[in-house]
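Chemist: Just so it is clear, I am handing over start-v8.cif, which has mmCIF, N, CA and C atoms.
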```cif
data_structure
#
loop_
_atom_site.label_atom_id
_atom_site.label_comp_id
_atom_site.auth_asym_id
_atom_site.auth_seq_id
_atom_site.Cartn_x
_atom_site.Cartn_y
_atom_site.Cartn_z
N MET R 694 -2.02 9.47 -14.83
CA MET R 694 -1.31 10.54 -14.22
C MET R 694 -0.41 11.26 -15.21
N ALA R 695 0.17 10.51 -16.12
CA ALA R 695 1.06 11.12 -17.10
C ALA R 695 0.32 12.13 -17.98
N ALA R 696 -0.91 11.79 -18.35
CA ALA R 696 -1.69 12.70 -19.19
C ALA R 696 -2.05 13.97 -18.43
N VAL R 697 -2.42 13.84 -17.16
CA VAL R 697 -2.74 15.01 -16.36
C VAL R 697 -1.49 15.86 -16.13
N ALA R 698 -0.37 15.20 -15.86
CA ALA R 698 0.88 15.94 -15.66
C ALA R 698 1.24 16.73 -16.92
N ALA R 699 1.10 16.12 -18.07
CA ALA R 699 1.41 16.81 -19.33
C ALA R 699 0.45 17.98 -19.55
N ASN R 700 -0.83 17.77 -19.27
CA ASN R 700 -1.83 18.82 -19.45
C ASN R 700 -1.56 20.01 -18.54
N LYS R 701 -1.12 19.74 -17.30
CA LYS R 701 -0.87 20.80 -16.33
C LYS R 701 0.52 21.41 -16.47
N GLY R 702 1.36 20.80 -17.32
CA GLY R 702 2.72 21.31 -17.50
C GLY R 702 3.68 20.86 -16.42
N PHE R 703 3.35 19.77 -15.71
CA PHE R 703 4.24 19.23 -14.69
C PHE R 703 5.29 18.36 -15.36
N ARG R 704 6.51 18.46 -14.90
CA ARG R 704 7.57 17.60 -15.42
C ARG R 704 7.64 16.36 -14.53
N LEU R 705 7.07 15.27 -15.02
CA LEU R 705 6.98 14.03 -14.25
C LEU R 705 8.02 13.05 -14.78
N GLU R 706 9.10 12.93 -14.05
CA GLU R 706 10.19 12.02 -14.46
C GLU R 706 10.02 10.63 -13.85
N LYS R 707 9.35 10.57 -12.71
CA LYS R 707 9.24 9.30 -11.99
C LYS R 707 7.84 9.15 -11.41
N ALA R 708 7.24 8.00 -11.64
CA ALA R 708 5.96 7.66 -11.03
C ALA R 708 5.94 6.15 -10.82
N GLU R 709 6.10 5.77 -9.58
CA GLU R 709 6.07 4.35 -9.24
C GLU R 709 4.85 4.09 -8.36
N VAL R 710 4.19 2.97 -8.63
CA VAL R 710 2.99 2.61 -7.88
C VAL R 710 3.18 1.19 -7.35
N ARG R 711 2.94 1.02 -6.05
CA ARG R 711 2.97 -0.31 -5.45
C ARG R 711 1.60 -0.56 -4.83
N ILE R 712 1.04 -1.71 -5.15
CA ILE R 712 -0.30 -2.05 -4.65
C ILE R 712 -0.23 -3.38 -3.92
N THR R 713 -0.75 -3.39 -2.71
CA THR R 713 -0.89 -4.65 -1.98
C THR R 713 -2.38 -4.84 -1.70
N THR R 714 -2.78 -6.10 -1.60
CA THR R 714 -4.19 -6.40 -1.36
C THR R 714 -4.34 -7.35 -0.18
N ARG R 715 -5.48 -7.22 0.46
CA ARG R 715 -5.89 -8.16 1.51
C ARG R 715 -7.33 -8.52 1.24
N ILE R 716 -7.62 -9.81 1.23
CA ILE R 716 -8.99 -10.27 1.00
C ILE R 716 -9.50 -10.92 2.28
N ALA R 717 -10.60 -10.40 2.78
CA ALA R 717 -11.24 -10.96 3.97
C ALA R 717 -12.36 -11.88 3.50
N ALA R 718 -12.28 -13.12 3.90
CA ALA R 718 -13.27 -14.11 3.48
C ALA R 718 -14.49 -14.05 4.37
N THR R 719 -15.09 -12.89 4.45
CA THR R 719 -16.32 -12.71 5.22
C THR R 719 -17.48 -12.59 4.24
N LYS R 720 -18.66 -12.54 4.73
CA LYS R 720 -19.83 -12.33 3.87
C LYS R 720 -20.36 -10.94 4.13
N PRO R 721 -20.37 -10.00 3.22
CA PRO R 721 -19.84 -10.13 1.88
C PRO R 721 -18.31 -10.05 1.89
N TRP R 722 -17.72 -10.51 0.79
CA TRP R 722 -16.27 -10.46 0.63
C TRP R 722 -15.79 -9.03 0.76
N CYS R 723 -14.60 -8.86 1.27
CA CYS R 723 -14.02 -7.53 1.40
C CYS R 723 -12.57 -7.58 0.92
N THR R 724 -12.22 -6.70 0.02
CA THR R 724 -10.84 -6.61 -0.47
C THR R 724 -10.31 -5.22 -0.19
N ASP R 725 -9.19 -5.14 0.50
CA ASP R 725 -8.51 -3.88 0.77
C ASP R 725 -7.36 -3.72 -0.21
N PHE R 726 -7.25 -2.54 -0.79
CA PHE R 726 -6.15 -2.19 -1.68
C PHE R 726 -5.34 -1.09 -1.00
N ASP R 727 -4.07 -1.33 -0.77
CA ASP R 727 -3.17 -0.30 -0.26
C ASP R 727 -2.31 0.17 -1.43
N ILE R 728 -2.44 1.44 -1.78
CA ILE R 728 -1.77 1.98 -2.96
C ILE R 728 -0.75 3.02 -2.50
N HIS R 729 0.51 2.77 -2.83
CA HIS R 729 1.60 3.67 -2.46
C HIS R 729 2.14 4.31 -3.73
N LEU R 730 2.06 5.64 -3.78
CA LEU R 730 2.56 6.39 -4.93
C LEU R 730 3.91 6.99 -4.58
N ASP R 731 4.87 6.81 -5.46
CA ASP R 731 6.18 7.43 -5.30
C ASP R 731 6.39 8.32 -6.52
N LEU R 732 6.19 9.62 -6.32
CA LEU R 732 6.27 10.57 -7.42
C LEU R 732 7.60 11.30 -7.40
N ASP R 733 7.91 11.92 -8.50
CA ASP R 733 9.15 12.67 -8.69
C ASP R 733 9.37 13.67 -7.54
N ASP R 734 10.57 13.67 -6.96
CA ASP R 734 10.89 14.56 -5.85
C ASP R 734 10.92 16.03 -6.25
N THR R 735 11.01 16.31 -7.54
CA THR R 735 11.09 17.71 -7.97
C THR R 735 9.72 18.38 -8.04
N LEU R 736 8.65 17.61 -7.91
CA LEU R 736 7.30 18.19 -7.93
C LEU R 736 7.01 18.91 -6.62
N ASP R 737 6.33 20.05 -6.71
CA ASP R 737 5.92 20.73 -5.49
C ASP R 737 4.69 20.05 -4.90
N GLN R 738 4.30 20.47 -3.70
CA GLN R 738 3.19 19.81 -3.01
C GLN R 738 1.88 19.93 -3.78
N ARG R 739 1.65 21.06 -4.43
CA ARG R 739 0.42 21.24 -5.21
C ARG R 739 0.35 20.21 -6.33
N ALA R 740 1.44 20.04 -7.07
CA ALA R 740 1.47 19.08 -8.18
C ALA R 740 1.29 17.66 -7.66
N ARG R 741 1.94 17.33 -6.54
CA ARG R 741 1.82 15.99 -5.97
C ARG R 741 0.37 15.72 -5.54
N THR R 742 -0.29 16.73 -4.98
CA THR R 742 -1.68 16.57 -4.55
C THR R 742 -2.59 16.37 -5.75
N ILE R 743 -2.40 17.15 -6.80
CA ILE R 743 -3.22 17.01 -8.01
C ILE R 743 -3.06 15.62 -8.61
N LEU R 744 -1.83 15.14 -8.72
CA LEU R 744 -1.60 13.83 -9.32
C LEU R 744 -2.11 12.70 -8.43
N SER R 745 -2.01 12.88 -7.12
CA SER R 745 -2.53 11.88 -6.20
C SER R 745 -4.05 11.78 -6.32
N ARG R 746 -4.72 12.92 -6.39
CA ARG R 746 -6.18 12.92 -6.57
C ARG R 746 -6.58 12.32 -7.91
N CYS R 747 -5.77 12.59 -8.92
CA CYS R 747 -6.01 12.03 -10.25
C CYS R 747 -5.98 10.50 -10.17
N ALA R 748 -4.99 9.95 -9.48
CA ALA R 748 -4.88 8.50 -9.34
C ALA R 748 -6.09 7.93 -8.61
N ALA R 749 -6.58 8.65 -7.59
CA ALA R 749 -7.72 8.17 -6.81
C ALA R 749 -9.03 8.24 -7.58
N MET R 750 -9.08 9.00 -8.67
CA MET R 750 -10.32 9.15 -9.43
C MET R 750 -10.26 8.47 -10.80
N CYS R 751 -9.28 7.61 -11.01
CA CYS R 751 -9.17 6.95 -12.31
C CYS R 751 -10.34 6.00 -12.53
N GLU R 752 -10.57 5.63 -13.77
CA GLU R 752 -11.72 4.78 -14.10
C GLU R 752 -11.65 3.40 -13.44
N VAL R 753 -10.46 2.83 -13.31
CA VAL R 753 -10.33 1.51 -12.67
C VAL R 753 -10.73 1.63 -11.20
N HIS R 754 -10.29 2.69 -10.55
CA HIS R 754 -10.66 2.91 -9.15
C HIS R 754 -12.17 3.03 -8.99
N LYS R 755 -12.80 3.76 -9.89
CA LYS R 755 -14.26 3.92 -9.82
C LYS R 755 -14.95 2.57 -9.96
N MET R 756 -14.45 1.75 -10.87
CA MET R 756 -15.07 0.45 -11.11
C MET R 756 -14.91 -0.45 -9.88
N LEU R 757 -13.74 -0.44 -9.28
CA LEU R 757 -13.49 -1.33 -8.15
C LEU R 757 -14.14 -0.85 -6.86
N SER R 758 -14.34 0.44 -6.71
CA SER R 758 -14.88 0.94 -5.46
C SER R 758 -16.40 1.01 -5.43
N GLY R 759 -17.03 0.92 -6.57
CA GLY R 759 -18.49 0.98 -6.62
C GLY R 759 -19.13 -0.37 -6.39
N GLU R 760 -20.44 -0.37 -6.31
CA GLU R 760 -21.17 -1.62 -6.16
C GLU R 760 -21.03 -2.42 -7.45
N MET R 761 -20.85 -3.72 -7.31
CA MET R 761 -20.69 -4.57 -8.48
C MET R 761 -21.82 -5.57 -8.54
N ARG R 762 -22.31 -5.78 -9.73
CA ARG R 762 -23.34 -6.80 -9.98
C ARG R 762 -22.85 -7.67 -11.12
N PHE R 763 -23.06 -8.95 -10.98
CA PHE R 763 -22.67 -9.90 -12.01
C PHE R 763 -23.92 -10.58 -12.55
N ASN R 764 -24.14 -10.45 -13.83
CA ASN R 764 -25.29 -11.06 -14.47
C ASN R 764 -24.80 -12.14 -15.45
N TYR R 765 -25.11 -13.38 -15.12
CA TYR R 765 -24.68 -14.48 -15.97
C TYR R 765 -25.84 -14.97 -16.82
N CYS R 766 -25.55 -15.34 -18.03
CA CYS R 766 -26.55 -15.88 -18.93
C CYS R 766 -25.91 -17.02 -19.69
N LEU R 767 -26.48 -18.20 -19.56
CA LEU R 767 -25.97 -19.36 -20.28
C LEU R 767 -26.74 -19.48 -21.58
N ASN R 768 -26.05 -19.28 -22.67
CA ASN R 768 -26.70 -19.40 -23.98
C ASN R 768 -26.86 -20.87 -24.36
N PRO R 769 -27.98 -21.19 -25.02
CA PRO R 769 -28.22 -22.58 -25.40
C PRO R 769 -27.21 -23.06 -26.44
#
```
Would you encode the structure as C-alpha cells?
Modeler:
Amino acid sequence: MAAVAANKGFRLEKAEVRITTRIAATKPWCTDFDIHLDLDDTLDQRARTILSRCAAMCEVHKMLSGEMRFNYCLNP
C-alpha cells in the first residue's frame, strides 16, 4: 500500500492492519481471514478505496485465495 500511495501522491501517515483467522476442520479445510484496515483519517474516500483495493489484490492475497496444490518428492 505504501508504494501505491507514493505513486499516486497520497500522503499516508498511518496504515494499521489487523487480521484474525478462523479454521473450520471440515473436508476440505476452510480458513477465513478477517482483515481490518485502519488508514490515515486525512485520506479522502477515493484514496481509501484505491488503497483498500490494492491490499485486496496483493500477491500474498492471490496466493492464499487461489487453489493450492502441494507436490511432495522424497529424494533418495
Chemist: What is the atom N of R:Arg739 to atom C of R:His754 distance in Å?
Modeler: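 It comes out at 23.2 Å.
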Chemist: Tell me which residues the PyMOL selection byres ((chain R and resi 728) around 7) grabs here, as a list of chain:residue names.
Modeler: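 Applied to this file, the PyMOL selection byres ((chain R and resi 728) around 7) selects R:Val710, R:Arg711, R:Ile712, R:Thr713, R:Phe726, R:Asp727, R:His729, R:Leu730.
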Chemist: Which value, in Å to one decimal, gives the distance between atom N of R:Leu767 and atom N of R:Pro721?
Modeler: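 Between atom N of R:Leu767 and atom N of R:Pro721 the gap is 25.0 Å.
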Chemist: Quote the spacing between atom N of R:Phe703 and atom CA of R:Cys747 in Å to one decimal place.
Modeler: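 We find that atom N of R:Phe703 and atom CA of R:Cys747 lie 13.3 Å from each other.
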Chemist: List the residues selected by the PyMOL selection byres ((chain R and resi 733) around 7) in the file shown, writing them as JSON, numbers by chain.
Modeler: {"R": [705, 706, 707, 708, 709, 731, 732, 734, 735, 736]}
Chemist: Here is a test: counting only C-alpha atoms, which residue of R:Ala696, R:Ala717, R:Arg704, R:Asn764 is nearest to R:Asp737?
Modeler: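 Nearest candidate to R:Asp737 out of R:Ala696, R:Ala717, R:Arg704, R:Asn764: R:Arg704.
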Chemist: Just the helix (DSSP H, G or I) stuff from chain R, please, per backbone DSSP, written as a ChimeraX atom specification.
Modeler: /R:695-701,738-749,752-758
Chemist: Using the chain letters and numbers from this document, which residues of chain R does DSSP assign to strand (DSSP E), as a list in words?
Modeler: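 Assigned to strand (DSSP E), within chain R: Ala708, Glu709, Val710, Arg711, Ile712, Thr713, Thr714, Arg715, Ile716, Ala717, Cys723, Thr724, Asp725, Phe726, Asp727, Ile728, His729, Leu730, Asp731 and Leu732 of chain R.
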Chemist: Please produce an output containing N, CA and C atoms for each residue in the selection, written as a CSV table (one decimal), keeping the file's coordinate frame.
Modeler:
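Done, and the output landed in part.csv:
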```csv
chain,number,residue,atom,x,y,z
R,708,ALA,N,7.2,8.0,-11.6
R,708,ALA,CA,6.0,7.7,-11.0
R,708,ALA,C,5.9,6.2,-10.8
R,709,GLU,N,6.1,5.8,-9.6
R,709,GLU,CA,6.1,4.4,-9.2
R,709,GLU,C,4.8,4.1,-8.4
R,710,VAL,N,4.2,3.0,-8.6
R,710,VAL,CA,3.0,2.6,-7.9
R,710,VAL,C,3.2,1.2,-7.4
R,711,ARG,N,2.9,1.0,-6.0
R,711,ARG,CA,3.0,-0.3,-5.4
R,711,ARG,C,1.6,-0.6,-4.8
R,712,ILE,N,1.0,-1.7,-5.2
R,712,ILE,CA,-0.3,-2.0,-4.6
R,712,ILE,C,-0.2,-3.4,-3.9
R,713,THR,N,-0.8,-3.4,-2.7
R,713,THR,CA,-0.9,-4.6,-2.0
R,713,THR,C,-2.4,-4.8,-1.7
R,714,THR,N,-2.8,-6.1,-1.6
R,714,THR,CA,-4.2,-6.4,-1.4
R,714,THR,C,-4.3,-7.4,-0.2
R,715,ARG,N,-5.5,-7.2,0.5
R,715,ARG,CA,-5.9,-8.2,1.5
R,715,ARG,C,-7.3,-8.5,1.2
R,716,ILE,N,-7.6,-9.8,1.2
R,716,ILE,CA,-9.0,-10.3,1.0
R,716,ILE,C,-9.5,-10.9,2.3
R,717,ALA,N,-10.6,-10.4,2.8
R,717,ALA,CA,-11.2,-11.0,4.0
R,717,ALA,C,-12.4,-11.9,3.5
R,723,CYS,N,-14.6,-8.9,1.3
R,723,CYS,CA,-14.0,-7.5,1.4
R,723,CYS,C,-12.6,-7.6,0.9
R,724,THR,N,-12.2,-6.7,0.0
R,724,THR,CA,-10.8,-6.6,-0.5
R,724,THR,C,-10.3,-5.2,-0.2
R,725,ASP,N,-9.2,-5.1,0.5
R,725,ASP,CA,-8.5,-3.9,0.8
R,725,ASP,C,-7.4,-3.7,-0.2
R,726,PHE,N,-7.2,-2.5,-0.8
R,726,PHE,CA,-6.2,-2.2,-1.7
R,726,PHE,C,-5.3,-1.1,-1.0
R,727,ASP,N,-4.1,-1.3,-0.8
R,727,ASP,CA,-3.2,-0.3,-0.3
R,727,ASP,C,-2.3,0.2,-1.4
R,728,ILE,N,-2.4,1.4,-1.8
R,728,ILE,CA,-1.8,2.0,-3.0
R,728,ILE,C,-0.8,3.0,-2.5
R,729,HIS,N,0.5,2.8,-2.8
R,729,HIS,CA,1.6,3.7,-2.5
R,729,HIS,C,2.1,4.3,-3.7
R,730,LEU,N,2.1,5.6,-3.8
R,730,LEU,CA,2.6,6.4,-4.9
R,730,LEU,C,3.9,7.0,-4.6
R,731,ASP,N,4.9,6.8,-5.5
R,731,ASP,CA,6.2,7.4,-5.3
R,731,ASP,C,6.4,8.3,-6.5
R,732,LEU,N,6.2,9.6,-6.3
R,732,LEU,CA,6.3,10.6,-7.4
R,732,LEU,C,7.6,11.3,-7.4
```
